[in-house]
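Below is one structure, written out as structure tokens; the observations come after it.
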Amino acid sequence: MANELGFVQSLVARACLLWLAAVPALGCDAAGAGRRAPGGPDDGVRRGDAREDPPRAGRVRELLAGTEAGRRLLERTGPPPSIRFVAAPDPVLLADGTILLDPYATDAENAARLGHLLRHAVDGAILPPGPDAAATAEPWTDHRLELEAPAILLEIELRVALGVDHPRRSYPFESEIRAAPPADRLRLLRSWLERMMPSTR
């Protein structure tokens, strides 16, 4: 249970970083509460340690483009995103569109993660912009689930397509989702997230 709670907190923190693209004046803590966050997701801890590796970034993009789902996604994203590598708690999409990936993950795992983050870039911010968005738990949770579940499912299915059997950063429900019939995967994944998240009802 402790591991699942840690995963939820990580997921919430990542969602907050994505939302900062729409509302950069606000930040979120691990529990999802609104607070002031100077510097937001572009602070020196992440940005200062990030490094460029164009050959590797190119390999990651090519792997993603080599899958049917990845090719369709890249067609919707326009110019190739800027990719950097940094040892951070979670690979993230920054407010300026830069994607930070794990330097210790394989290229295939990073390609699947790139698909997840590009899905967010295409679909929009996790939270609707507005002064009360971070303080309104129920719409925040529902909206995040609507966008996060398909993005996680895409990442898992890309891992399967790219032969990533033992990712560095796995989801606690990943084996169950992989084993489920494709038509049932999104429903099962959303059910998992709903059980793992603090109740807002």
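By convention in this document, the chains of the structure tokens carry letters A, B, ... by their order, each chain's residues are numbered from 1, and ligands are numbered from 1 in the order they are shown.
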Surrounding residues of Ile152 in chain A excluding itself and chain neighbours under 2 positions, 10 Å, only C-alpha atoms, as a ChimeraX atom specification: /A:112-113,115-117,119,147-150,154-158,171,174,186,189-190
Contact residues around Arg169 in chain A with only C-alpha atoms at 10 Å, ignoring same-chain residues under 3 positions, as number ranges by chain: A: 90-91, 102, 105, 109, 113, 166, 172
Could those residues be written to a file, using all heavy atoms, as a short mmCIF file (atom, residue, chain, number, x, y, z; two decimals), in the first residue's frame?
data_model
loop_
_atom_site.label_atom_id
_atom_site.label_comp_id
_atom_site.auth_asym_id
_atom_site.auth_seq_id
_atom_site.Cartn_x
_atom_site.Cartn_y
_atom_site.Cartn_z
N ASP A 90 10.62 12.17 -11.88
CA ASP A 90 9.77 11.70 -12.97
C ASP A 90 10.10 12.46 -14.24
O ASP A 90 10.28 13.67 -14.20
CB ASP A 90 8.29 11.91 -12.65
CG ASP A 90 7.75 10.89 -11.68
OD1 ASP A 90 7.64 9.71 -12.08
OD2 ASP A 90 7.46 11.26 -10.54
N PRO A 91 10.16 11.77 -15.38
CA PRO A 91 10.28 12.49 -16.65
C PRO A 91 9.06 13.39 -16.82
O PRO A 91 7.94 12.97 -16.54
CB PRO A 91 10.30 11.38 -17.70
CG PRO A 91 10.74 10.16 -16.94
CD PRO A 91 10.16 10.32 -15.57
N ASP A 102 14.64 10.32 -18.68
CA ASP A 102 15.54 9.65 -17.75
C ASP A 102 16.80 9.18 -18.48
O ASP A 102 16.73 8.35 -19.38
CB ASP A 102 14.80 8.44 -17.14
CG ASP A 102 15.61 7.71 -16.10
OD1 ASP A 102 16.80 8.03 -15.91
OD2 ASP A 102 15.04 6.81 -15.45
N ALA A 105 17.25 5.25 -18.30
CA ALA A 105 16.30 4.34 -18.95
C ALA A 105 16.81 4.01 -20.35
O ALA A 105 17.62 4.74 -20.93
CB ALA A 105 14.92 4.99 -19.04
N GLU A 109 12.36 2.55 -23.56
CA GLU A 109 11.51 3.01 -22.45
C GLU A 109 11.28 4.51 -22.55
O GLU A 109 10.17 5.00 -22.32
CB GLU A 109 12.13 2.67 -21.11
CG GLU A 109 11.26 3.09 -19.93
CD GLU A 109 11.78 2.62 -18.58
OE1 GLU A 109 12.71 1.80 -18.55
OE2 GLU A 109 11.24 3.08 -17.56
N ARG A 113 7.81 6.73 -22.92
CA ARG A 113 7.54 7.86 -22.04
C ARG A 113 7.30 9.12 -22.85
O ARG A 113 6.45 9.95 -22.52
CB ARG A 113 8.71 8.04 -21.08
CG ARG A 113 8.47 9.12 -20.06
CD ARG A 113 7.15 8.90 -19.40
NE ARG A 113 7.16 9.38 -18.05
CZ ARG A 113 6.20 9.11 -17.18
NH1 ARG A 113 5.23 8.31 -17.55
NH2 ARG A 113 6.22 9.59 -15.99
N HIS A 166 10.96 -4.93 -18.84
CA HIS A 166 11.35 -4.62 -17.46
C HIS A 166 11.75 -3.15 -17.35
O HIS A 166 12.93 -2.83 -17.22
CB HIS A 166 12.50 -5.53 -17.01
CG HIS A 166 12.19 -6.99 -17.13
ND1 HIS A 166 11.34 -7.62 -16.25
CD2 HIS A 166 12.59 -7.93 -18.01
CE1 HIS A 166 11.24 -8.90 -16.59
NE2 HIS A 166 11.99 -9.11 -17.66
N PRO A 172 2.25 -0.04 -10.85
CA PRO A 172 1.87 -1.23 -10.07
C PRO A 172 0.81 -2.09 -10.73
O PRO A 172 0.67 -3.25 -10.40
CB PRO A 172 1.37 -0.63 -8.74
CG PRO A 172 1.01 0.77 -9.05
CD PRO A 172 1.95 1.21 -10.13
#
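Nearest residue to Leu193 in chain A among A:Arg51, A:Val92, A:Ala111, A:Arg144 is A:Arg144, counting only C-alpha atoms.
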One-decimal distance in Å that lies between CA of Ala151 in chain A and CA of Ser170 in chain A: 14.2 Å
Selection: 9 Å around Glu176 in chain A, only C-alpha atoms, excl. self and same-chain fewer than 3 positions, as a PyMOL selection string: chain A and resi 172-173+179-180+185+188-189
Write to file, as a PDB file, in the first residue's frame, the residues of the selection just made, with C-alpha atoms.
ATOM      1  CA  PRO A 172       1.873  -1.230 -10.066  1.00  0.00           C
ATOM      2  CA  PHE A 173      -0.989  -2.253 -12.350  1.00  0.00           C
ATOM      3  CA  ALA A 179      -2.683  -9.078 -19.862  1.00  0.00           C
ATOM      4  CA  ALA A 180      -6.163  -7.604 -20.356  1.00  0.00           C
ATOM      5  CA  ARG A 185      -7.581  -1.831 -20.746  1.00  0.00           C
ATOM      6  CA  LEU A 188      -9.330  -1.278 -15.899  1.00  0.00           C
ATOM      7  CA  LEU A 189      -6.631   1.375 -15.740  1.00  0.00           C
TER       8      LEU A 189
END
